[in-house]
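Have a look at target.txt below; it lists compact mmCIF, N, CA and C atoms.
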```
# COMPACT_ATOMS: atom_id res chain seq x y z
N MET A 1005 19.99 5.67 -102.04
CA MET A 1005 19.37 6.56 -101.11
C MET A 1005 17.96 6.05 -100.79
N ALA A 1006 17.57 6.10 -99.50
CA ALA A 1006 16.25 5.61 -99.09
C ALA A 1006 15.19 6.65 -99.41
N GLU A 1007 14.04 6.15 -99.82
CA GLU A 1007 12.93 7.04 -100.17
C GLU A 1007 12.14 7.38 -98.91
N VAL A 1008 11.83 8.65 -98.72
CA VAL A 1008 11.07 9.11 -97.57
C VAL A 1008 9.62 9.27 -97.99
N THR A 1009 8.73 8.72 -97.20
CA THR A 1009 7.31 8.85 -97.50
C THR A 1009 6.63 9.61 -96.37
N ASP A 1010 5.61 10.34 -96.73
CA ASP A 1010 4.84 11.11 -95.75
C ASP A 1010 3.68 10.23 -95.27
N THR A 1011 3.75 9.81 -94.01
CA THR A 1011 2.71 8.93 -93.48
C THR A 1011 1.47 9.69 -93.05
N LYS A 1012 1.52 11.00 -92.99
CA LYS A 1012 0.35 11.77 -92.58
C LYS A 1012 -0.72 11.82 -93.66
N LYS A 1013 -0.36 11.54 -94.89
CA LYS A 1013 -1.33 11.62 -95.99
C LYS A 1013 -2.36 10.51 -95.94
N SER A 1014 -2.03 9.40 -95.37
CA SER A 1014 -2.95 8.26 -95.38
C SER A 1014 -3.58 8.08 -94.00
N ALA A 1015 -4.63 8.82 -93.73
CA ALA A 1015 -5.34 8.74 -92.45
C ALA A 1015 -5.85 7.33 -92.15
N PRO A 1016 -6.33 6.56 -93.16
CA PRO A 1016 -6.80 5.22 -92.84
C PRO A 1016 -5.71 4.33 -92.24
N ALA A 1017 -4.44 4.63 -92.53
CA ALA A 1017 -3.36 3.83 -91.95
C ALA A 1017 -3.32 3.98 -90.44
N TYR A 1018 -3.82 5.08 -89.93
CA TYR A 1018 -3.84 5.30 -88.49
C TYR A 1018 -5.10 4.73 -87.85
N GLY A 1019 -6.00 4.20 -88.63
CA GLY A 1019 -7.18 3.55 -88.10
C GLY A 1019 -8.39 4.44 -87.89
N ARG A 1020 -8.35 5.70 -88.34
CA ARG A 1020 -9.53 6.55 -88.18
C ARG A 1020 -10.57 6.12 -89.19
N GLN A 1021 -11.67 5.64 -88.67
CA GLN A 1021 -12.72 5.15 -89.53
C GLN A 1021 -13.90 6.10 -89.50
N LYS A 1022 -14.60 6.18 -90.60
CA LYS A 1022 -15.73 7.09 -90.72
C LYS A 1022 -16.90 6.63 -89.85
N LEU A 1023 -17.56 7.63 -89.25
CA LEU A 1023 -18.77 7.36 -88.49
C LEU A 1023 -20.00 7.87 -89.23
N ILE A 1024 -19.78 8.57 -90.32
CA ILE A 1024 -20.91 9.18 -91.02
C ILE A 1024 -21.16 8.49 -92.35
N THR A 1025 -21.31 7.20 -92.27
CA THR A 1025 -21.71 6.42 -93.43
C THR A 1025 -23.09 5.84 -93.15
N GLY A 1026 -23.86 5.64 -94.16
CA GLY A 1026 -25.20 5.06 -94.00
C GLY A 1026 -26.05 5.90 -93.07
N PRO A 1027 -26.64 5.27 -92.04
CA PRO A 1027 -27.48 6.01 -91.09
C PRO A 1027 -26.72 7.10 -90.33
N GLY A 1028 -25.42 6.99 -90.28
CA GLY A 1028 -24.61 8.01 -89.61
C GLY A 1028 -24.75 9.38 -90.27
N ILE A 1029 -25.02 9.40 -91.55
CA ILE A 1029 -25.23 10.68 -92.26
C ILE A 1029 -26.50 11.35 -91.74
N LEU A 1030 -27.55 10.58 -91.54
CA LEU A 1030 -28.79 11.12 -91.01
C LEU A 1030 -28.58 11.63 -89.58
N LEU A 1031 -27.86 10.87 -88.77
CA LEU A 1031 -27.56 11.32 -87.42
C LEU A 1031 -26.80 12.64 -87.43
N LEU A 1032 -25.81 12.73 -88.31
CA LEU A 1032 -25.02 13.96 -88.42
C LEU A 1032 -25.93 15.13 -88.80
N TRP A 1033 -26.80 14.93 -89.76
CA TRP A 1033 -27.70 15.98 -90.20
C TRP A 1033 -28.63 16.41 -89.06
N LEU A 1034 -29.22 15.44 -88.36
CA LEU A 1034 -30.14 15.76 -87.27
C LEU A 1034 -29.42 16.48 -86.13
N TYR A 1035 -28.22 16.01 -85.79
CA TYR A 1035 -27.47 16.71 -84.73
C TYR A 1035 -27.11 18.12 -85.18
N GLY A 1036 -26.78 18.30 -86.44
CA GLY A 1036 -26.49 19.64 -86.95
C GLY A 1036 -27.69 20.57 -86.83
N VAL A 1037 -28.86 20.06 -87.16
CA VAL A 1037 -30.09 20.84 -87.03
C VAL A 1037 -30.34 21.18 -85.55
N MET A 1038 -30.11 20.23 -84.67
CA MET A 1038 -30.33 20.47 -83.25
C MET A 1038 -29.33 21.48 -82.69
N VAL A 1039 -28.10 21.47 -83.20
CA VAL A 1039 -27.12 22.49 -82.79
C VAL A 1039 -27.66 23.88 -83.12
N VAL A 1040 -28.07 24.05 -84.37
CA VAL A 1040 -28.57 25.36 -84.81
C VAL A 1040 -29.80 25.75 -83.99
N GLY A 1041 -30.72 24.82 -83.80
CA GLY A 1041 -31.94 25.12 -83.05
C GLY A 1041 -31.67 25.49 -81.60
N ALA A 1042 -30.88 24.67 -80.91
CA ALA A 1042 -30.64 24.90 -79.49
C ALA A 1042 -29.77 26.14 -79.25
N VAL A 1043 -28.73 26.31 -80.05
CA VAL A 1043 -27.85 27.45 -79.85
C VAL A 1043 -28.56 28.76 -80.20
N SER A 1044 -29.27 28.79 -81.31
CA SER A 1044 -29.95 30.03 -81.68
C SER A 1044 -31.07 30.35 -80.69
N ARG A 1045 -31.80 29.35 -80.27
CA ARG A 1045 -32.87 29.56 -79.29
C ARG A 1045 -32.30 30.12 -77.99
N SER A 1046 -31.26 29.48 -77.47
CA SER A 1046 -30.70 29.94 -76.20
C SER A 1046 -30.02 31.30 -76.33
N ALA A 1047 -29.40 31.58 -77.46
CA ALA A 1047 -28.75 32.88 -77.64
C ALA A 1047 -29.78 34.00 -77.60
N VAL A 1048 -30.90 33.80 -78.27
CA VAL A 1048 -31.95 34.82 -78.27
C VAL A 1048 -32.56 34.95 -76.86
N GLN A 1049 -32.85 33.81 -76.24
CA GLN A 1049 -33.48 33.85 -74.92
C GLN A 1049 -32.54 34.46 -73.87
N ILE A 1050 -31.29 34.09 -73.89
CA ILE A 1050 -30.33 34.62 -72.91
C ILE A 1050 -30.12 36.12 -73.13
N SER A 1051 -30.05 36.54 -74.38
CA SER A 1051 -29.78 37.95 -74.64
C SER A 1051 -31.00 38.85 -74.44
N THR A 1052 -32.21 38.29 -74.45
CA THR A 1052 -33.39 39.14 -74.33
C THR A 1052 -34.16 38.96 -73.02
N ASP A 1053 -34.27 37.75 -72.51
CA ASP A 1053 -35.12 37.48 -71.34
C ASP A 1053 -34.45 36.59 -70.30
N PHE A 1054 -33.15 36.71 -70.11
CA PHE A 1054 -32.46 35.79 -69.22
C PHE A 1054 -33.06 35.78 -67.81
N ASP A 1055 -33.47 36.94 -67.31
CA ASP A 1055 -34.02 37.01 -65.95
C ASP A 1055 -35.38 36.31 -65.81
N LYS A 1056 -36.04 36.05 -66.91
CA LYS A 1056 -37.34 35.37 -66.88
C LYS A 1056 -37.20 33.90 -66.50
N ALA A 1057 -36.22 33.20 -67.09
CA ALA A 1057 -36.04 31.76 -66.84
C ALA A 1057 -34.57 31.38 -67.03
N PRO A 1058 -33.70 31.80 -66.12
CA PRO A 1058 -32.27 31.55 -66.32
C PRO A 1058 -31.90 30.06 -66.39
N LEU A 1059 -32.55 29.25 -65.58
CA LEU A 1059 -32.25 27.81 -65.60
C LEU A 1059 -32.63 27.20 -66.95
N ALA A 1060 -33.81 27.49 -67.42
CA ALA A 1060 -34.27 26.93 -68.69
C ALA A 1060 -33.37 27.35 -69.85
N TYR A 1061 -33.01 28.63 -69.88
CA TYR A 1061 -32.20 29.13 -70.99
C TYR A 1061 -30.77 28.61 -70.92
N SER A 1062 -30.26 28.45 -69.71
CA SER A 1062 -28.91 27.89 -69.56
C SER A 1062 -28.88 26.42 -69.97
N LEU A 1063 -29.94 25.69 -69.64
CA LEU A 1063 -30.01 24.29 -70.05
C LEU A 1063 -30.11 24.15 -71.56
N SER A 1064 -30.81 25.08 -72.21
CA SER A 1064 -30.88 25.05 -73.68
C SER A 1064 -29.50 25.32 -74.28
N ALA A 1065 -28.74 26.23 -73.68
CA ALA A 1065 -27.38 26.50 -74.16
C ALA A 1065 -26.49 25.28 -73.96
N LEU A 1066 -26.63 24.63 -72.80
CA LEU A 1066 -25.86 23.40 -72.54
C LEU A 1066 -26.21 22.32 -73.56
N ALA A 1067 -27.49 22.18 -73.87
CA ALA A 1067 -27.91 21.20 -74.88
C ALA A 1067 -27.26 21.50 -76.22
N GLY A 1068 -27.21 22.78 -76.59
CA GLY A 1068 -26.56 23.17 -77.85
C GLY A 1068 -25.09 22.80 -77.88
N LEU A 1069 -24.39 22.99 -76.76
CA LEU A 1069 -22.97 22.61 -76.68
C LEU A 1069 -22.79 21.10 -76.80
N VAL A 1070 -23.65 20.36 -76.13
CA VAL A 1070 -23.58 18.89 -76.22
C VAL A 1070 -23.82 18.44 -77.65
N TYR A 1071 -24.84 18.99 -78.29
CA TYR A 1071 -25.13 18.64 -79.68
C TYR A 1071 -23.95 19.00 -80.58
N GLY A 1072 -23.34 20.14 -80.33
CA GLY A 1072 -22.18 20.56 -81.13
C GLY A 1072 -21.01 19.60 -80.99
N PHE A 1073 -20.73 19.16 -79.78
CA PHE A 1073 -19.62 18.24 -79.57
C PHE A 1073 -19.89 16.89 -80.23
N ILE A 1074 -21.11 16.42 -80.12
CA ILE A 1074 -21.46 15.14 -80.76
C ILE A 1074 -21.33 15.27 -82.27
N THR A 1075 -21.79 16.37 -82.83
CA THR A 1075 -21.67 16.61 -84.28
C THR A 1075 -20.22 16.59 -84.69
N TYR A 1076 -19.38 17.30 -83.95
CA TYR A 1076 -17.94 17.34 -84.25
C TYR A 1076 -17.34 15.93 -84.18
N SER A 1077 -17.71 15.17 -83.16
CA SER A 1077 -17.16 13.82 -83.00
C SER A 1077 -17.56 12.91 -84.15
N LEU A 1078 -18.80 13.04 -84.62
CA LEU A 1078 -19.24 12.23 -85.75
C LEU A 1078 -18.45 12.57 -87.01
N VAL A 1079 -18.19 13.85 -87.22
CA VAL A 1079 -17.43 14.28 -88.40
C VAL A 1079 -15.98 13.83 -88.26
N ARG A 1080 -15.42 13.96 -87.09
CA ARG A 1080 -14.00 13.62 -86.86
C ARG A 1080 -13.73 12.15 -87.14
N GLY A 1081 -14.59 11.29 -86.65
CA GLY A 1081 -14.42 9.87 -86.88
C GLY A 1081 -13.31 9.28 -86.03
N GLY A 1082 -13.13 7.99 -86.15
CA GLY A 1082 -12.11 7.29 -85.39
C GLY A 1082 -12.65 6.76 -84.07
N ASP A 1083 -11.87 5.91 -83.45
CA ASP A 1083 -12.30 5.23 -82.23
C ASP A 1083 -12.42 6.19 -81.05
N THR A 1084 -11.48 7.10 -80.90
CA THR A 1084 -11.53 8.05 -79.79
C THR A 1084 -12.75 8.96 -79.91
N ALA A 1085 -13.01 9.46 -81.11
CA ALA A 1085 -14.18 10.32 -81.33
C ALA A 1085 -15.47 9.53 -81.11
N ARG A 1086 -15.49 8.27 -81.50
CA ARG A 1086 -16.67 7.43 -81.30
C ARG A 1086 -16.94 7.25 -79.82
N LYS A 1087 -15.89 7.01 -79.04
CA LYS A 1087 -16.05 6.84 -77.59
C LYS A 1087 -16.52 8.15 -76.95
N ALA A 1088 -15.95 9.26 -77.36
CA ALA A 1088 -16.36 10.56 -76.82
C ALA A 1088 -17.81 10.85 -77.16
N ALA A 1089 -18.21 10.56 -78.39
CA ALA A 1089 -19.60 10.78 -78.80
C ALA A 1089 -20.53 9.86 -78.01
N LEU A 1090 -20.10 8.64 -77.77
CA LEU A 1090 -20.91 7.69 -77.00
C LEU A 1090 -21.15 8.20 -75.58
N VAL A 1091 -20.10 8.71 -74.94
CA VAL A 1091 -20.23 9.27 -73.59
C VAL A 1091 -21.17 10.48 -73.60
N CYS A 1092 -21.00 11.35 -74.59
CA CYS A 1092 -21.86 12.54 -74.68
C CYS A 1092 -23.31 12.17 -74.98
N CYS A 1093 -23.53 11.17 -75.80
CA CYS A 1093 -24.90 10.74 -76.09
C CYS A 1093 -25.56 10.16 -74.84
N ALA A 1094 -24.78 9.42 -74.05
CA ALA A 1094 -25.32 8.88 -72.79
C ALA A 1094 -25.64 10.02 -71.83
N ALA A 1095 -24.74 11.01 -71.74
CA ALA A 1095 -25.00 12.17 -70.88
C ALA A 1095 -26.20 12.96 -71.39
N GLU A 1096 -26.32 13.09 -72.70
CA GLU A 1096 -27.47 13.77 -73.30
C GLU A 1096 -28.76 13.06 -72.92
N LEU A 1097 -28.77 11.74 -73.02
CA LEU A 1097 -29.97 10.98 -72.70
C LEU A 1097 -30.35 11.15 -71.22
N VAL A 1098 -29.35 11.11 -70.35
CA VAL A 1098 -29.60 11.33 -68.92
C VAL A 1098 -30.17 12.73 -68.71
N GLY A 1099 -29.60 13.72 -69.39
CA GLY A 1099 -30.09 15.09 -69.28
C GLY A 1099 -31.53 15.24 -69.75
N VAL A 1100 -31.83 14.65 -70.89
CA VAL A 1100 -33.20 14.73 -71.43
C VAL A 1100 -34.18 14.07 -70.48
N LEU A 1101 -33.82 12.90 -69.97
CA LEU A 1101 -34.73 12.20 -69.05
C LEU A 1101 -34.89 12.96 -67.73
N ALA A 1102 -33.80 13.51 -67.22
CA ALA A 1102 -33.86 14.26 -65.96
C ALA A 1102 -34.66 15.55 -66.11
N VAL A 1103 -34.34 16.32 -67.13
CA VAL A 1103 -35.04 17.59 -67.34
C VAL A 1103 -36.50 17.33 -67.73
N GLY A 1104 -36.73 16.32 -68.56
CA GLY A 1104 -38.10 15.99 -68.94
C GLY A 1104 -38.94 15.60 -67.74
N THR A 1105 -38.39 14.80 -66.86
CA THR A 1105 -39.10 14.40 -65.64
C THR A 1105 -39.30 15.61 -64.72
N TRP A 1106 -38.25 16.42 -64.59
CA TRP A 1106 -38.30 17.60 -63.73
C TRP A 1106 -39.38 18.58 -64.20
N THR A 1107 -39.47 18.79 -65.52
CA THR A 1107 -40.47 19.74 -66.03
C THR A 1107 -41.89 19.23 -65.84
N LEU A 1108 -42.07 17.93 -65.80
CA LEU A 1108 -43.40 17.39 -65.55
C LEU A 1108 -43.73 17.38 -64.06
N ALA A 1109 -42.73 17.06 -63.23
CA ALA A 1109 -42.95 16.97 -61.79
C ALA A 1109 -43.04 18.33 -61.12
N GLU A 1110 -42.27 19.30 -61.59
CA GLU A 1110 -42.21 20.64 -60.98
C GLU A 1110 -42.24 21.71 -62.06
N PRO A 1111 -43.38 21.89 -62.72
CA PRO A 1111 -43.47 22.86 -63.82
C PRO A 1111 -43.11 24.29 -63.42
N SER A 1112 -43.31 24.64 -62.16
CA SER A 1112 -43.02 26.00 -61.72
C SER A 1112 -41.53 26.32 -61.74
N ALA A 1113 -40.68 25.30 -61.78
CA ALA A 1113 -39.23 25.53 -61.85
C ALA A 1113 -38.81 26.02 -63.23
N PHE A 1114 -39.69 25.86 -64.21
CA PHE A 1114 -39.38 26.24 -65.58
C PHE A 1114 -40.48 27.15 -66.13
N PRO A 1115 -40.34 28.47 -65.90
CA PRO A 1115 -41.35 29.39 -66.42
C PRO A 1115 -41.38 29.42 -67.96
N ASP A 1116 -40.32 28.95 -68.58
CA ASP A 1116 -40.28 28.85 -70.04
C ASP A 1116 -39.62 27.51 -70.38
N ALA A 1117 -39.89 27.01 -71.55
CA ALA A 1117 -39.41 25.68 -71.94
C ALA A 1117 -37.92 25.69 -72.30
N THR A 1118 -37.31 24.53 -72.12
CA THR A 1118 -35.96 24.27 -72.60
C THR A 1118 -36.07 23.34 -73.80
N VAL A 1119 -34.94 23.07 -74.43
CA VAL A 1119 -34.92 22.11 -75.53
C VAL A 1119 -35.36 20.73 -75.03
N TRP A 1120 -35.01 20.42 -73.79
CA TRP A 1120 -35.29 19.09 -73.24
C TRP A 1120 -36.57 19.03 -72.42
N SER A 1121 -37.33 20.15 -72.32
CA SER A 1121 -38.58 20.14 -71.56
C SER A 1121 -39.55 19.11 -72.11
N ASP A 1122 -40.25 18.47 -71.18
CA ASP A 1122 -41.26 17.45 -71.56
C ASP A 1122 -40.68 16.44 -72.54
N PHE A 1123 -39.43 16.06 -72.31
CA PHE A 1123 -38.72 15.07 -73.12
C PHE A 1123 -38.58 15.50 -74.58
N GLY A 1124 -38.51 16.82 -74.80
CA GLY A 1124 -38.30 17.33 -76.15
C GLY A 1124 -39.57 17.45 -76.96
N MET A 1125 -40.70 17.56 -76.30
CA MET A 1125 -41.98 17.63 -77.01
C MET A 1125 -42.01 18.79 -78.01
N GLY A 1126 -41.41 19.92 -77.65
CA GLY A 1126 -41.39 21.07 -78.55
C GLY A 1126 -40.56 20.83 -79.80
N TYR A 1127 -39.75 19.79 -79.78
CA TYR A 1127 -38.91 19.42 -80.93
C TYR A 1127 -39.30 18.04 -81.46
N LEU A 1128 -40.58 17.74 -81.33
CA LEU A 1128 -41.14 16.47 -81.84
C LEU A 1128 -40.49 15.24 -81.21
N PHE A 1129 -40.06 15.36 -79.96
CA PHE A 1129 -39.42 14.30 -79.19
C PHE A 1129 -38.08 13.85 -79.76
N ILE A 1130 -37.55 14.61 -80.71
CA ILE A 1130 -36.23 14.29 -81.27
C ILE A 1130 -35.16 14.26 -80.18
N PRO A 1131 -35.18 15.18 -79.19
CA PRO A 1131 -34.14 15.15 -78.16
C PRO A 1131 -34.08 13.85 -77.35
N VAL A 1132 -35.16 13.12 -77.24
CA VAL A 1132 -35.12 11.85 -76.51
C VAL A 1132 -34.86 10.66 -77.44
N ILE A 1133 -35.27 10.78 -78.68
CA ILE A 1133 -35.06 9.70 -79.65
C ILE A 1133 -33.63 9.70 -80.19
N LEU A 1134 -33.09 10.88 -80.42
CA LEU A 1134 -31.78 11.02 -81.06
C LEU A 1134 -30.65 10.36 -80.29
N PRO A 1135 -30.51 10.58 -78.97
CA PRO A 1135 -29.40 9.93 -78.29
C PRO A 1135 -29.51 8.41 -78.24
N VAL A 1136 -30.73 7.90 -78.13
CA VAL A 1136 -30.91 6.44 -78.14
C VAL A 1136 -30.46 5.87 -79.48
N THR A 1137 -30.89 6.50 -80.55
CA THR A 1137 -30.51 6.07 -81.89
C THR A 1137 -29.01 6.18 -82.09
N ALA A 1138 -28.43 7.29 -81.64
CA ALA A 1138 -26.99 7.50 -81.80
C ALA A 1138 -26.19 6.48 -81.00
N ILE A 1139 -26.63 6.15 -79.80
CA ILE A 1139 -25.92 5.15 -78.99
C ILE A 1139 -25.92 3.80 -79.71
N PHE A 1140 -27.06 3.40 -80.25
CA PHE A 1140 -27.11 2.14 -81.01
C PHE A 1140 -26.18 2.20 -82.22
N TRP A 1141 -26.18 3.31 -82.94
CA TRP A 1141 -25.33 3.46 -84.12
C TRP A 1141 -23.85 3.41 -83.73
N LEU A 1142 -23.48 4.12 -82.67
CA LEU A 1142 -22.07 4.16 -82.26
C LEU A 1142 -21.60 2.80 -81.74
N LEU A 1143 -22.47 2.08 -81.04
CA LEU A 1143 -22.09 0.72 -80.61
C LEU A 1143 -21.95 -0.22 -81.80
N ARG A 1144 -22.83 -0.06 -82.77
CA ARG A 1144 -22.73 -0.87 -84.00
C ARG A 1144 -21.46 -0.54 -84.76
N ALA A 1145 -21.13 0.76 -84.81
CA ALA A 1145 -19.91 1.18 -85.50
C ALA A 1145 -18.68 0.58 -84.85
N ARG A 1146 -18.71 0.41 -83.54
CA ARG A 1146 -17.58 -0.22 -82.85
C ARG A 1146 -17.44 -1.68 -83.25
N ARG A 1147 -18.57 -2.37 -83.30
CA ARG A 1147 -18.55 -3.80 -83.63
C ARG A 1147 -18.14 -4.05 -85.08
N THR A 1148 -18.59 -3.17 -85.99
CA THR A 1148 -18.31 -3.40 -87.41
C THR A 1148 -17.00 -2.76 -87.84
N GLY A 1149 -16.38 -1.99 -86.95
CA GLY A 1149 -15.09 -1.37 -87.30
C GLY A 1149 -15.23 -0.14 -88.16
N ARG A 1150 -16.39 0.52 -88.13
CA ARG A 1150 -16.57 1.76 -88.90
C ARG A 1150 -15.97 2.91 -88.19
```
Whole structure given in structure tokens:
Amino acid sequence: MAEVTDTKKSAPAYGRQKLITGPGILLLWLYGVMVVGAVSRSAVQISTDFDKAPLAYSLSALAGLVYGFITYSLVRGGDTARKAALVCCAAELVGVLAVGTWTLAEPSAFPDATVWSDFGMGYLFIPVILPVTAIFWLLRARRTGR
């Protein structure tokens, strides 16, 4: 009689490689902190003062969702998750640069700050540094097979 083996038990056989090794652990931690910061900030702002600055508060909520997806992708691991995280990090960087430039060029459009205002100055510029760092890490992970 032939022996039946369960192939679902060995995830490495399917090629899912970890993204949260070495510096990836720090990225995961920082993105986790940014999820909590952006989501909690936008939840309070939207529920209490949405009419004051709807664009700013909506952008903060969007930033929280982007951070959450990137965090999930880093934890999930594998090539598909790495590619998805890479696309989201690029979109995040474009968002930070666009909103940062917009808040400097037209401050009246933002009566209150977003997570990405002034290139993330309220968050110690982490919102502009984090996607650049993550993109380098994810590209390195592709080359090294992590």
### Message
Quick check, in Å to one decimal: how far apart do atom N of Phe1140 of chain A and atom CA of Thr1105 of chain A lie?
### Response
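Rounded to one decimal, the two atoms are 21.9 Å apart.
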### Message
Report as number ranges by chain all protein, DNA and RNA residues lying within 6 Å of segment 1111-1121 of chain A, evaluated on only N, CA and C atoms, omitting residues in the same chain fewer than 4 positions from it.
### Response
A: 1057, 1060-1061, 1063-1064, 1100, 1103-1104, 1106-1107, 1125-1126
### Message
As an exercise, work out the distance from atom N of Leu1108 of chain A to atom CA of Asp1122 of chain A in Å and give it to one decimal place.
### Response
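Spanning atom N of Leu1108 of chain A to atom CA of Asp1122 of chain A is a straight-line distance of 5.8 Å.
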### Query
Smallest atom-to-atom distance to Leu1134 of chain A: which of A:Thr1025, A:Thr1075, A:Thr1084, A:Ser1046, using only C-alpha atoms?
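Checking each of A:Thr1025, A:Thr1075, A:Thr1084, A:Ser1046 against Leu1134 of chain A, counting only C-alpha atoms, the winner is A:Thr1075.
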### Message
Between atom N of Ala1085 of chain A and atom N of Lys1022 of chain A, what is the distance in Å, rounded to a tenth?
### Response
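That distance, rounded to one decimal, is 10.2 Å.
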### Task
For Gly1068 of chain A, please output as number ranges by chain all residues within 9 Å (counting only C-alpha atoms; exclusion window: fewer than 5 positions along the same chain).
A: 1038-1044, 1046, 1063, 1073, 1119
### Task
Go through A:Ala1047, A:Leu1101, A:Gly1028, A:Tyr1035 and flag the residue nearest Trp1141 of chain A, using only N, CA and C atoms for the distances.
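Result for the nearest residue to Trp1141 of chain A: A:Gly1028.
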Taking all atoms of segment 1029-1037 of chain A that appear in the file, build a box with edges along x, y and z, extend it by 3 Å on every side, and state its centre and edge lengths in Å to one decimal, as JSON.
```
{"center_x": -27.7, "center_y": 15.3, "center_z": -88.5, "size_x": 11.3, "size_y": 17.8, "size_z": 13.5}
```
